[in-house]
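One file, final.cif, is given below (mmCIF, C-alpha atoms).
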data_target
loop_
_atom_site.label_atom_id
_atom_site.label_comp_id
_atom_site.auth_asym_id
_atom_site.auth_seq_id
_atom_site.Cartn_x
_atom_site.Cartn_y
_atom_site.Cartn_z
CA MET A 279 119.96 -37.34 132.31
CA PRO A 280 116.75 -38.16 130.39
CA SER A 281 114.03 -39.61 132.56
CA ARG A 282 113.18 -43.28 132.23
CA PRO A 283 110.20 -43.69 129.87
CA ALA A 284 106.91 -44.61 131.47
CA LEU A 285 103.67 -45.90 130.02
CA GLY A 286 102.01 -42.59 130.83
CA ARG A 287 98.54 -41.32 131.65
CA PRO A 288 97.05 -41.73 128.13
CA PHE A 289 97.92 -45.43 128.09
CA TRP A 290 96.40 -46.04 131.51
CA LEU A 291 93.23 -44.20 130.53
CA LEU A 292 93.00 -46.37 127.42
CA PHE A 293 93.84 -49.51 129.37
CA GLY A 294 91.43 -48.80 132.22
CA GLY A 295 88.50 -47.91 130.00
CA GLU A 296 88.93 -50.94 127.78
CA ALA A 297 89.43 -53.17 130.84
CA ALA A 298 86.03 -52.17 132.19
CA SER A 299 84.40 -52.64 128.81
CA ALA A 300 86.07 -56.03 128.22
CA PHE A 301 84.78 -57.26 131.59
CA GLY A 302 81.21 -56.29 130.72
CA THR A 303 81.40 -57.79 127.26
CA SER A 304 82.68 -61.11 128.62
CA ALA A 305 79.56 -61.24 130.78
CA SER A 306 77.28 -60.41 127.83
CA ILE A 307 78.86 -63.10 125.65
CA VAL A 308 77.48 -65.62 128.13
CA ALA A 309 74.14 -63.87 128.53
CA LEU A 310 73.17 -63.47 124.86
CA PRO A 311 72.81 -67.19 124.02
CA VAL A 312 71.33 -67.99 127.43
CA VAL A 313 68.61 -65.35 127.05
CA ALA A 314 67.89 -66.62 123.53
CA LEU A 315 67.56 -70.18 124.83
CA GLN A 316 65.31 -69.14 127.72
CA ALA A 317 63.06 -67.16 125.40
CA SER A 318 62.64 -69.85 122.75
CA GLY A 319 63.52 -73.16 124.38
CA ASP A 320 65.43 -73.96 121.18
CA VAL A 321 69.19 -74.45 121.38
CA ARG A 322 69.45 -73.41 117.73
CA GLU A 323 68.40 -69.89 118.72
CA ALA A 324 71.22 -69.79 121.27
CA GLY A 325 73.66 -70.83 118.57
CA LEU A 326 72.29 -68.17 116.24
CA ALA A 327 72.93 -65.43 118.80
CA SER A 328 76.56 -66.52 119.25
CA THR A 329 77.03 -66.86 115.50
CA ALA A 330 75.64 -63.35 114.94
CA LEU A 331 78.19 -61.95 117.39
CA SER A 332 81.07 -63.69 115.58
CA ALA A 333 79.70 -62.65 112.18
CA GLY A 334 79.63 -59.01 113.28
CA VAL A 335 83.28 -59.21 114.30
CA LEU A 336 84.32 -60.57 110.90
CA LEU A 337 82.13 -58.23 108.84
CA ALA A 338 83.56 -55.10 110.42
CA ARG A 339 87.18 -56.16 110.82
CA LEU A 340 88.62 -54.93 107.50
CA PRO A 341 86.68 -51.62 107.32
CA ALA A 342 87.71 -51.01 110.94
CA GLY A 343 91.36 -50.85 109.94
CA VAL A 344 90.60 -48.27 107.25
CA PHE A 345 88.77 -46.07 109.75
CA ALA A 346 91.59 -46.41 112.31
CA ASP A 347 94.07 -45.14 109.71
CA ARG A 348 91.80 -42.36 108.44
CA PHE A 349 90.04 -40.79 111.41
CA ASP A 350 90.79 -39.46 114.87
CA ARG A 351 91.31 -42.52 117.10
CA ARG A 352 90.00 -40.76 120.19
CA ALA A 353 86.77 -39.95 118.34
CA LEU A 354 86.46 -43.55 117.10
CA LEU A 355 86.98 -45.00 120.57
CA LEU A 356 84.61 -42.52 122.20
CA GLY A 357 81.87 -42.94 119.58
CA GLY A 358 82.15 -46.75 119.51
CA ASN A 359 81.81 -47.06 123.28
CA LEU A 360 78.81 -44.72 123.31
CA VAL A 361 77.12 -46.82 120.58
CA GLY A 362 77.84 -49.97 122.57
CA ALA A 363 76.31 -48.42 125.68
CA ALA A 364 73.19 -47.46 123.68
CA ILE A 365 72.76 -51.00 122.31
CA LEU A 366 73.18 -52.66 125.71
CA GLY A 367 70.95 -50.07 127.40
CA THR A 368 68.21 -50.78 124.86
CA LEU A 369 68.53 -54.53 125.47
CA ALA A 370 68.28 -53.98 129.23
CA LEU A 371 65.11 -51.88 128.87
CA LEU A 372 63.45 -54.34 126.48
CA GLN A 373 64.35 -57.25 128.76
CA ALA A 374 62.94 -55.42 131.77
CA TRP A 375 59.66 -54.79 129.88
CA ASP A 376 59.50 -58.41 128.60
CA ALA A 377 59.56 -57.02 125.07
CA LEU A 378 62.87 -58.47 123.87
CA SER A 379 62.19 -60.55 120.74
CA LEU A 380 64.62 -63.04 119.23
CA PRO A 381 65.15 -61.04 116.01
CA VAL A 382 66.04 -57.96 118.06
CA LEU A 383 68.41 -59.99 120.25
CA THR A 384 70.14 -61.46 117.19
CA LEU A 385 70.46 -58.05 115.55
CA ALA A 386 71.89 -56.61 118.77
CA ALA A 387 74.46 -59.41 118.91
CA LEU A 388 75.49 -58.67 115.32
CA LEU A 389 75.83 -54.93 116.05
CA LEU A 390 77.79 -55.54 119.24
CA GLY A 391 80.24 -57.72 117.33
CA MET A 392 80.66 -54.98 114.74
CA VAL A 393 81.16 -52.27 117.37
CA GLY A 394 83.81 -54.29 119.18
CA SER A 395 85.59 -55.12 115.94
CA MET A 396 85.64 -51.45 114.93
CA LEU A 397 87.27 -50.49 118.23
CA SER A 398 90.08 -53.05 118.14
CA PRO A 399 92.33 -51.49 115.43
CA ALA A 400 91.76 -48.02 116.84
CA GLU A 401 93.03 -49.19 120.23
CA ASN A 402 96.01 -50.89 118.58
CA VAL A 403 97.07 -47.71 116.77
CA ALA A 404 96.48 -45.66 119.90
CA VAL A 405 98.82 -47.89 121.89
CA ARG A 406 101.58 -47.33 119.35
CA SER A 407 100.97 -43.59 119.54
CA PHE A 408 100.92 -43.24 123.31
CA VAL A 409 103.61 -45.72 124.35
CA HIS A 410 107.36 -45.26 124.11
CA PRO A 411 108.75 -47.78 121.57
CA ASP A 412 110.92 -49.40 124.24
CA LEU A 413 107.77 -50.20 126.25
CA LEU A 414 105.57 -51.65 123.50
CA ALA A 415 106.12 -55.24 124.65
CA ARG A 416 105.17 -54.31 128.22
CA ALA A 417 102.04 -52.48 127.09
CA LEU A 418 100.94 -55.37 124.86
CA SER A 419 101.53 -57.92 127.63
CA LEU A 420 99.36 -55.85 129.97
CA ILE A 421 96.60 -55.86 127.36
CA GLN A 422 96.93 -59.64 127.05
CA ALA A 423 96.63 -59.91 130.85
CA ARG A 424 93.57 -57.69 130.78
CA THR A 425 91.92 -59.92 128.18
CA ALA A 426 92.67 -63.11 130.11
CA ALA A 427 91.41 -61.64 133.38
CA ALA A 428 88.21 -60.46 131.70
CA LEU A 429 87.61 -63.93 130.25
CA ILE A 430 87.86 -65.38 133.75
CA ALA A 431 85.93 -62.79 135.75
CA GLY A 432 83.36 -61.71 133.15
CA PRO A 433 81.62 -65.06 132.60
CA ALA A 434 81.57 -65.68 136.36
CA ALA A 435 79.85 -62.34 136.97
CA GLY A 436 77.51 -62.90 134.04
CA GLY A 437 76.50 -66.32 135.32
CA ALA A 438 75.80 -64.95 138.79
CA LEU A 439 73.65 -62.11 137.43
CA LEU A 440 71.80 -64.48 135.10
CA ALA A 441 70.80 -66.50 138.15
CA THR A 442 68.98 -63.43 139.45
CA GLU A 443 67.75 -61.48 136.42
CA PRO A 444 69.25 -61.30 132.88
CA VAL A 445 68.50 -57.59 132.65
CA TRP A 446 71.33 -56.88 135.10
CA VAL A 447 73.91 -58.43 132.76
CA PHE A 448 72.97 -56.04 129.96
CA ALA A 449 72.82 -53.12 132.39
CA LEU A 450 76.29 -54.00 133.69
CA ASP A 451 77.75 -54.11 130.19
CA ALA A 452 76.10 -50.79 129.29
CA ALA A 453 77.66 -49.24 132.40
CA THR A 454 81.12 -50.55 131.50
CA TYR A 455 80.79 -49.06 128.01
CA LEU A 456 79.98 -45.72 129.63
CA VAL A 457 83.04 -46.00 131.89
CA ALA A 458 85.15 -46.66 128.81
CA ALA A 459 83.61 -43.66 127.04
CA VAL A 460 84.52 -41.39 129.96
CA CYS A 461 88.12 -42.61 129.80
CA MET A 462 88.27 -42.11 126.03
CA ALA A 463 86.93 -38.58 126.39
CA ALA A 464 89.88 -37.81 128.68
CA LEU A 465 92.45 -38.90 126.07
CA PRO A 466 94.46 -36.26 124.20
CA SER A 467 92.85 -35.27 120.91
CA GLY A 468 94.48 -35.68 117.54
CA ALA A 469 94.96 -38.65 115.29
CA GLY A 470 98.50 -38.36 113.96
CA PRO A 471 98.73 -39.16 110.26
CA VAL A 472 95.32 -39.18 108.61
CA GLY A 473 94.85 -41.33 105.51
CA ASP A 474 93.73 -39.98 102.19
CA GLY A 475 90.18 -40.19 100.94
CA GLN A 476 90.58 -43.27 98.73
CA PRO A 477 87.61 -45.68 98.64
CA THR A 478 87.23 -47.94 101.65
CA LEU A 479 87.61 -51.18 99.71
CA LYS A 480 90.76 -49.98 97.96
CA ALA A 481 92.22 -48.76 101.25
CA ALA A 482 91.48 -52.09 102.96
CA CYS A 483 93.09 -54.00 100.09
CA GLU A 484 96.19 -51.85 100.41
CA GLY A 485 96.68 -53.01 103.99
CA VAL A 486 96.12 -56.67 103.10
CA ARG A 487 98.49 -56.36 100.14
CA PHE A 488 101.22 -54.91 102.36
CA LEU A 489 100.68 -57.72 104.85
CA TRP A 490 100.78 -60.41 102.17
CA ARG A 491 103.97 -59.11 100.55
CA SER A 492 105.86 -59.26 103.85
CA PRO A 493 106.96 -62.84 104.69
CA PHE A 494 107.02 -62.14 108.41
CA LEU A 495 103.57 -60.53 108.50
CA ARG A 496 102.20 -63.42 106.43
CA TYR A 497 103.59 -65.81 108.99
CA ALA A 498 102.14 -63.75 111.86
CA ALA A 499 98.66 -64.07 110.36
CA VAL A 500 99.06 -67.83 109.77
CA ASN A 501 100.44 -68.36 113.28
CA ALA A 502 97.51 -66.54 114.86
CA ALA A 503 95.01 -68.47 112.71
CA VAL A 504 96.48 -71.90 113.55
CA LEU A 505 96.84 -71.25 117.28
CA ASN A 506 93.30 -69.82 117.46
CA LEU A 507 92.00 -72.91 115.66
CA VAL A 508 93.83 -75.24 118.06
CA PHE A 509 92.88 -73.42 121.26
CA ASN A 510 89.23 -73.03 120.23
CA GLY A 511 89.07 -76.81 119.84
CA LEU A 512 90.62 -77.52 123.23
CA LEU A 513 87.27 -77.46 125.06
CA ILE A 514 86.03 -80.35 122.90
CA VAL A 515 89.27 -82.20 123.64
CA VAL A 516 88.79 -81.65 127.37
CA ILE A 517 85.20 -82.93 127.23
CA ALA A 518 86.14 -85.93 125.09
CA SER A 519 89.00 -86.89 127.42
CA ALA A 520 86.78 -86.96 130.53
CA ASP A 521 86.26 -90.43 131.94
CA GLY A 522 82.63 -89.85 132.83
CA GLY A 523 81.09 -90.38 136.23
CA ALA A 524 80.45 -88.04 139.08
CA GLN A 525 83.87 -86.37 138.98
CA ALA A 526 83.91 -85.74 135.25
CA GLY A 527 82.32 -82.31 135.57
CA LEU A 528 84.84 -81.21 138.18
CA GLY A 529 87.72 -82.32 135.98
CA ILE A 530 86.34 -80.52 132.95
CA GLY A 531 85.82 -77.36 134.98
CA ALA A 532 89.32 -77.48 136.47
CA GLN A 533 90.98 -78.02 133.10
CA THR A 534 88.94 -75.27 131.44
CA ALA A 535 89.86 -72.87 134.24
CA ALA A 536 93.51 -73.89 133.78
CA ILE A 537 93.39 -72.63 130.19
CA GLY A 538 92.29 -69.19 131.39
CA ALA A 539 94.77 -69.15 134.26
CA GLY A 540 97.59 -70.12 131.91
CA ALA A 541 96.70 -67.31 129.53
CA LEU A 542 96.78 -64.84 132.43
CA GLY A 543 100.16 -66.11 133.63
CA GLY A 544 101.59 -66.07 130.12
CA SER A 545 100.54 -62.48 129.60
CA LEU A 546 102.50 -61.49 132.73
CA ILE A 547 105.73 -63.09 131.52
CA ALA A 548 105.35 -62.00 127.89
CA ALA A 549 107.19 -58.68 128.28
CA PRO A 550 110.23 -60.17 130.09
CA ALA A 551 110.34 -62.94 127.48
CA ALA A 552 110.28 -60.38 124.68
CA ARG A 553 113.23 -58.56 126.27
CA ARG A 554 115.20 -61.74 126.88
CA PHE A 555 114.76 -63.61 123.60
CA PRO A 556 115.21 -62.43 120.01
CA ALA A 557 111.93 -62.60 118.11
CA ALA A 558 112.96 -65.61 115.98
CA ARG A 559 114.04 -67.71 118.97
CA GLY A 560 111.14 -66.60 121.19
CA ILE A 561 108.48 -67.39 118.59
CA ALA A 562 109.97 -70.81 117.76
CA LEU A 563 110.51 -71.73 121.43
CA SER A 564 107.07 -70.66 122.65
CA THR A 565 105.24 -72.34 119.78
CA GLY A 566 107.30 -75.50 120.35
CA VAL A 567 106.31 -75.58 124.02
CA VAL A 568 102.64 -75.49 122.97
CA ALA A 569 103.24 -78.58 120.81
CA VAL A 570 105.05 -80.49 123.59
CA ALA A 571 102.33 -79.63 126.11
CA LEU A 572 99.61 -80.84 123.74
CA VAL A 573 101.36 -84.19 123.26
CA GLY A 574 101.75 -84.52 127.03
CA PHE A 575 98.08 -83.71 127.56
CA ALA A 576 97.08 -86.49 125.15
CA THR A 577 99.19 -89.09 126.98
CA VAL A 578 98.60 -88.36 130.68
CA HIS A 579 95.62 -89.76 132.57
CA ASP A 580 95.77 -87.68 135.75
CA SER A 581 93.38 -84.73 135.79
CA GLY A 582 95.80 -82.49 137.68
CA ALA A 583 98.66 -83.17 135.28
CA ALA A 584 96.35 -82.57 132.32
CA ALA A 585 95.30 -79.21 133.79
CA PHE A 586 98.95 -78.21 134.27
CA LEU A 587 99.83 -79.07 130.67
CA LEU A 588 96.84 -77.13 129.36
CA ALA A 589 97.90 -74.13 131.44
CA LEU A 590 101.45 -74.45 130.08
CA ALA A 591 100.23 -74.52 126.48
CA SER A 592 97.88 -71.61 127.09
CA ALA A 593 100.62 -69.56 128.76
CA CYS A 594 102.72 -69.60 125.60
CA GLY A 595 99.95 -68.06 123.50
CA PRO A 596 100.31 -64.50 124.90
CA VAL A 597 104.10 -64.70 124.60
CA VAL A 598 103.83 -65.48 120.88
CA THR A 599 101.19 -62.77 120.46
CA VAL A 600 103.32 -60.07 122.11
CA LEU A 601 106.42 -61.01 120.10
CA LEU A 602 104.50 -60.95 116.82
CA ALA A 603 102.52 -57.80 117.61
CA THR A 604 105.56 -55.83 118.78
CA ALA A 605 107.47 -56.64 115.60
CA GLN A 606 104.39 -55.87 113.49
CA MET A 607 103.97 -52.45 115.09
CA ARG A 608 107.62 -51.55 114.58
CA MET A 609 107.84 -52.65 110.94
CA THR A 610 104.51 -51.30 109.67
CA PRO A 611 104.31 -47.69 108.42
CA ALA A 612 102.25 -45.37 110.57
CA GLU A 613 99.66 -44.80 107.84
CA LEU A 614 98.98 -48.56 107.54
CA GLN A 615 98.92 -49.55 111.21
CA GLY A 616 95.15 -49.95 111.48
CA ARG A 617 94.73 -51.81 108.20
CA VAL A 618 97.56 -54.27 108.84
CA ASN A 619 96.22 -54.95 112.33
CA SER A 620 92.70 -55.52 111.05
CA GLY A 621 93.95 -57.71 108.20
CA THR A 622 95.89 -59.91 110.60
CA GLY A 623 92.90 -60.07 112.94
CA PHE A 624 90.52 -60.97 110.14
CA LEU A 625 92.70 -63.82 108.91
CA ALA A 626 93.26 -65.05 112.47
CA GLN A 627 89.56 -65.10 113.31
CA ALA A 628 88.21 -66.33 109.98
CA VAL A 629 88.93 -70.02 110.67
CA SER A 630 88.84 -70.15 114.47
CA PRO A 631 85.06 -70.92 114.67
CA LEU A 632 85.81 -74.19 112.83
CA GLY A 633 88.02 -75.41 115.70
CA PRO A 634 85.41 -77.19 117.86
CA THR A 635 83.69 -78.83 114.88
CA LEU A 636 86.95 -79.92 113.29
CA VAL A 637 88.22 -81.44 116.54
CA ALA A 638 84.92 -83.23 117.13
CA VAL A 639 84.89 -84.71 113.61
CA CYS A 640 88.54 -85.82 113.81
CA THR A 641 88.07 -87.31 117.29
CA HIS A 642 85.05 -89.29 116.10
CA ALA A 643 86.90 -90.53 113.00
CA PHE A 644 90.42 -91.16 114.32
CA GLY A 645 90.26 -91.06 118.12
CA LEU A 646 91.42 -88.53 120.70
CA PHE A 647 95.16 -89.24 120.75
CA PRO A 648 95.68 -89.12 116.95
CA THR A 649 93.67 -85.88 116.82
CA VAL A 650 95.74 -84.15 119.50
CA LEU A 651 98.97 -85.58 118.06
CA GLY A 652 98.04 -84.21 114.65
CA ALA A 653 97.40 -80.78 116.17
CA ALA A 654 100.74 -80.95 117.99
CA LEU A 655 102.61 -81.84 114.79
CA LEU A 656 100.94 -78.93 113.03
CA VAL A 657 102.11 -76.60 115.81
CA VAL A 658 105.65 -78.06 115.61
CA LEU A 659 105.71 -77.25 111.90
CA LEU A 660 104.44 -73.78 112.74
CA ALA A 661 107.30 -73.32 115.23
CA LEU A 662 109.97 -74.42 112.76
CA VAL A 663 108.63 -72.22 109.98
CA GLY A 664 108.27 -69.29 112.35
CA GLY A 665 111.85 -69.51 113.55
CA ALA A 666 113.15 -69.64 109.98
CA VAL A 667 110.94 -66.82 108.70
CA ALA A 668 111.67 -64.51 111.62
CA ALA A 669 115.42 -65.15 111.46
CA ARG A 670 115.55 -64.46 107.72
CA HIS A 671 113.06 -61.65 107.20
CA LEU A 672 112.58 -59.82 110.50
CA HIS A 673 114.87 -56.81 110.41
CA VAL A 674 113.53 -54.25 112.84
CA SER A 675 116.13 -51.75 113.99
CA PRO A 676 116.06 -50.64 117.63
CA PRO A 677 114.15 -47.39 118.10
CA ALA A 678 116.33 -44.30 118.25
CA THR A 679 115.09 -42.28 121.16
CA GLY A 680 115.90 -38.77 122.07
CA GLY A 681 114.51 -35.53 123.36
CA ARG A 682 112.74 -34.84 126.58
CA ALA A 683 110.07 -36.97 128.12
CA ALA A 684 106.56 -35.74 127.47
CA ALA A 685 104.60 -34.18 130.26
CA ASP A 686 102.29 -37.17 130.50
CA GLY A 687 105.19 -39.54 131.04
CA ALA A 688 104.83 -41.45 127.82
CA GLY A 689 107.99 -39.91 126.37
CA ALA A 690 108.68 -38.20 123.09
CA ASP A 691 110.93 -39.82 120.53
CA ARG A 692 111.27 -41.01 117.01
CA ALA A 693 111.50 -44.64 116.04
CA ASP A 694 112.96 -46.52 113.10
CA ALA A 695 110.41 -48.89 111.56
CA ARG A 696 112.06 -51.00 108.90
CA GLY A 697 110.03 -53.46 106.88
CA THR A 698 111.07 -56.84 105.56
CA ASP A 699 113.15 -57.37 102.46
CA ASP A 700 110.09 -58.27 100.38
CA ALA A 701 107.69 -55.65 101.71
CA GLU A 702 106.40 -52.69 99.80
CA PRO A 703 108.67 -49.66 99.52
CA THR A 704 106.53 -47.72 101.99
CA ALA A 705 107.61 -50.15 104.71
CA THR A 706 111.21 -48.94 104.61
CA GLY A 707 112.84 -45.78 105.74
CA ARG A 708 112.48 -43.75 108.86
CA GLN A 709 108.95 -43.24 110.14
CA GLN A 710 109.17 -40.23 112.42
CA ARG A 711 106.37 -39.59 114.85
CA ARG A 712 105.75 -38.03 118.19
CA VAL A 713 104.97 -40.56 120.89
CA GLY A 714 102.64 -39.81 123.73
CA SER A 715 101.50 -36.42 122.57
CA SER A 716 99.16 -36.35 119.59
CA GLU A 717 97.57 -39.67 118.66
CA PRO A 718 95.05 -41.28 120.78
CA ALA A 719 94.48 -52.86 119.00
CA ILE A 720 94.07 -58.19 120.83
CA ARG A 721 90.65 -55.29 122.04
CA ASN A 722 90.38 -59.00 122.03
CA ARG A 723 87.04 -58.80 123.72
CA ARG A 724 85.57 -58.53 120.45
#
Go ahead and express the file in the form of structure tokens.
Amino acid sequence: MPSRPALGRPFWLLFGGEAASAFGTSASIVALPVVALQASGDVREAGLASTALSAGVLLARLPAGVFADRFDRRALLLGGNLVGAAILGTLALLQAWDALSLPVLTLAALLLGMVGSMLSPAENVAVRSFVHPDLLARALSLIQARTAAALIAGPAAGGALLATEPVWVFALDAATYLVAAVCMAALPSGAGPVGDGQPTLKAACEGVRFLWRSPFLRYAAVNAAVLNLVFNGLLIVVIASADGGAQAGLGIGAQTAAIGAGALGGSLIAAPAARRFPAARGIALSTGVVAVALVGFATVHDSGAAAFLLALASACGPVVTVLLATAQMRMTPAELQGRVNSGTGFLAQAVSPLGPTLVAVCTHAFGLFPTVLGAALLVVLLALVGGAVAARHLHVSPPATGGRAAADGAGADRADARGTDDAEPTATGRQQRRVGSSEPAIRNRR
């Protein structure tokens, strides 16, 4: 009897290395604006540092997909983590010598955003290469859990180190990049299919064009963009809903922590949900729960109930992400995996920085309840459209597995990846590949 497929050593090396790096980066995300504010005394400088980080992510996102499809993923992951370690190590030395200027700090933030963005599609393609198709949902849910845990633990560690000396935050992040580099160096070499030498811009446009011509992939990008916009504005909603007084800070802190805890819990149930529900029903149901929880949050007055509803809404985010990402991996040709992932990520992140400002403006103009109700209605529409689109256009055949399990436990098989009815011709047909043997995405740290 064939052995039961396992995630395998390559996946756990990838997961462990990126987990360490994501933890360090979550600490640095807090430290960069704080150090800028301490150095200048101007809150605008703190905002500039955060903006530079986000700008770096967006600038590198589309080229990153081209590189992930064209070059050895192990080499990309190893080189990117070494560059990240060099940037953070330089910041730590300059901070220790009191020679860290604001232009250098801003440039470092921009470069760190670009490095992280370059690594994300390479990790996504590597997961598809190393993981048995039947275990993609489990692997993606573990990555979602890793991201949520890093967003809880990283800022806490960063805040504690900032209270002593900021240099230790940068040193910690540099060390985590080095840990990730060691893990990447231990991955099997080889990149699977390597793209042709067409110009970078043309190659990036090819991935976006494939994404846009597929109704389901279009919806996946819109879904991610809308949910990112809504969740990025939740902090402003939490602050605006506080009653004021001595307990207001505790309530805000508890509700903000509930968002992170909900995301962690949702990532743990994402894989079972993906096995239990068809993609169309799971996407519509999870997105609908987000809408109901938002309406409930706008109507309740108890801080504990509000925190529970925020956690419930946040828990559905990873479920939707895993359902969408699993289907995207299965229906996208191997040679376009990186570019489709980076295109979806770019569209999802392009509007998310507007969330806090948009919520603040709408709350000031219309009030808190109408603003949250409007967001909930938008999410309801998203759920209805998602259910219809997935039911009509998502036709991903179950992977046909066979052969012996690979020595590393990841399994060796071949999978059917069938595109949507409206996708490009390259999306259809059998995409045969070896899993867990030759080829080294939300990392969402970056």
### Ala417 (chain A) surroundings by all atoms listed in the file, 8 Å radius, close-in-sequence under 5 positions cut, as a list in words
Leu285, Val405 and Val409 of chain A
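Every residue that the PyMOL selection byres ((chain A and resi 449) around 9) selects in this file is listed here: Ala363, Leu366, Gly367, Leu369, Ala370, Leu371, Pro444, Val445, Trp446, Val447, Phe448, Leu450, Asp451, Ala452, Ala453 and Thr454 of chain A.
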### Query
Any idea what's packed within 10 Å of Val344 (chain A), counting all atoms listed in the file, ignoring anything in its chain fewer than 4 positions away? Could you give it as a VMD selection string?
chain A and resid 339 to 340 348 to 349 396 399 to 400 473 476 to 485 613 to 618 620
### Query
From the list A:Ser398, A:Ser299, A:Ala503, A:Cys594, which residue is nearest Ser545 (chain A) when using all atoms listed in the file?
A:Cys594
### Task
May I ask for the distance between CA of Arg351 (chain A) and CA of Ser419 (chain A), given in Å to one decimal place?
21.3 Å
### Task
Would you write out, as a VMD selection string, every residue that the PyMOL selection byres ((chain A and resi 553) around 12) captures in this file?
chain A and resid 412 to 416 419 547 to 552 554 to 557 559 to 560 597 600 to 601 604
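Counting from CA of Arg322 (chain A), the distance to CA of Leu383 (chain A) is 13.7 Å.
By chain and then residue number, the residues within 12 Å of Thr635 (chain A) are A:Leu507, A:Val508, A:Asn510, A:Gly511, A:Leu512, A:Leu513, A:Ile514, A:Val515, A:Val629, A:Thr641, A:His642, counting only C-alpha atoms and disregarding those fewer than 6 positions away in sequence.
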### Residue nearest Ala333 (chain A) - candidates A:Val504, A:Val486, A:Leu385, A:Ala585, atoms counted: all atoms listed in the file
A:Leu385
### Query
What is the distance between CA of Leu662 (chain A) and CA of Arg608 (chain A), in Å to one decimal?
23.1 Å
Padding 6 Å on every side, please: axis-aligned box over the listed atoms of region 339-348 of chain A, centre and edge lengths to one decimal in Å, as AutoDock Vina command-line options.
--center_x 90.4 --center_y -49.3 --center_z 109.8 --size_x 19.4 --size_y 25.8 --size_z 17.1
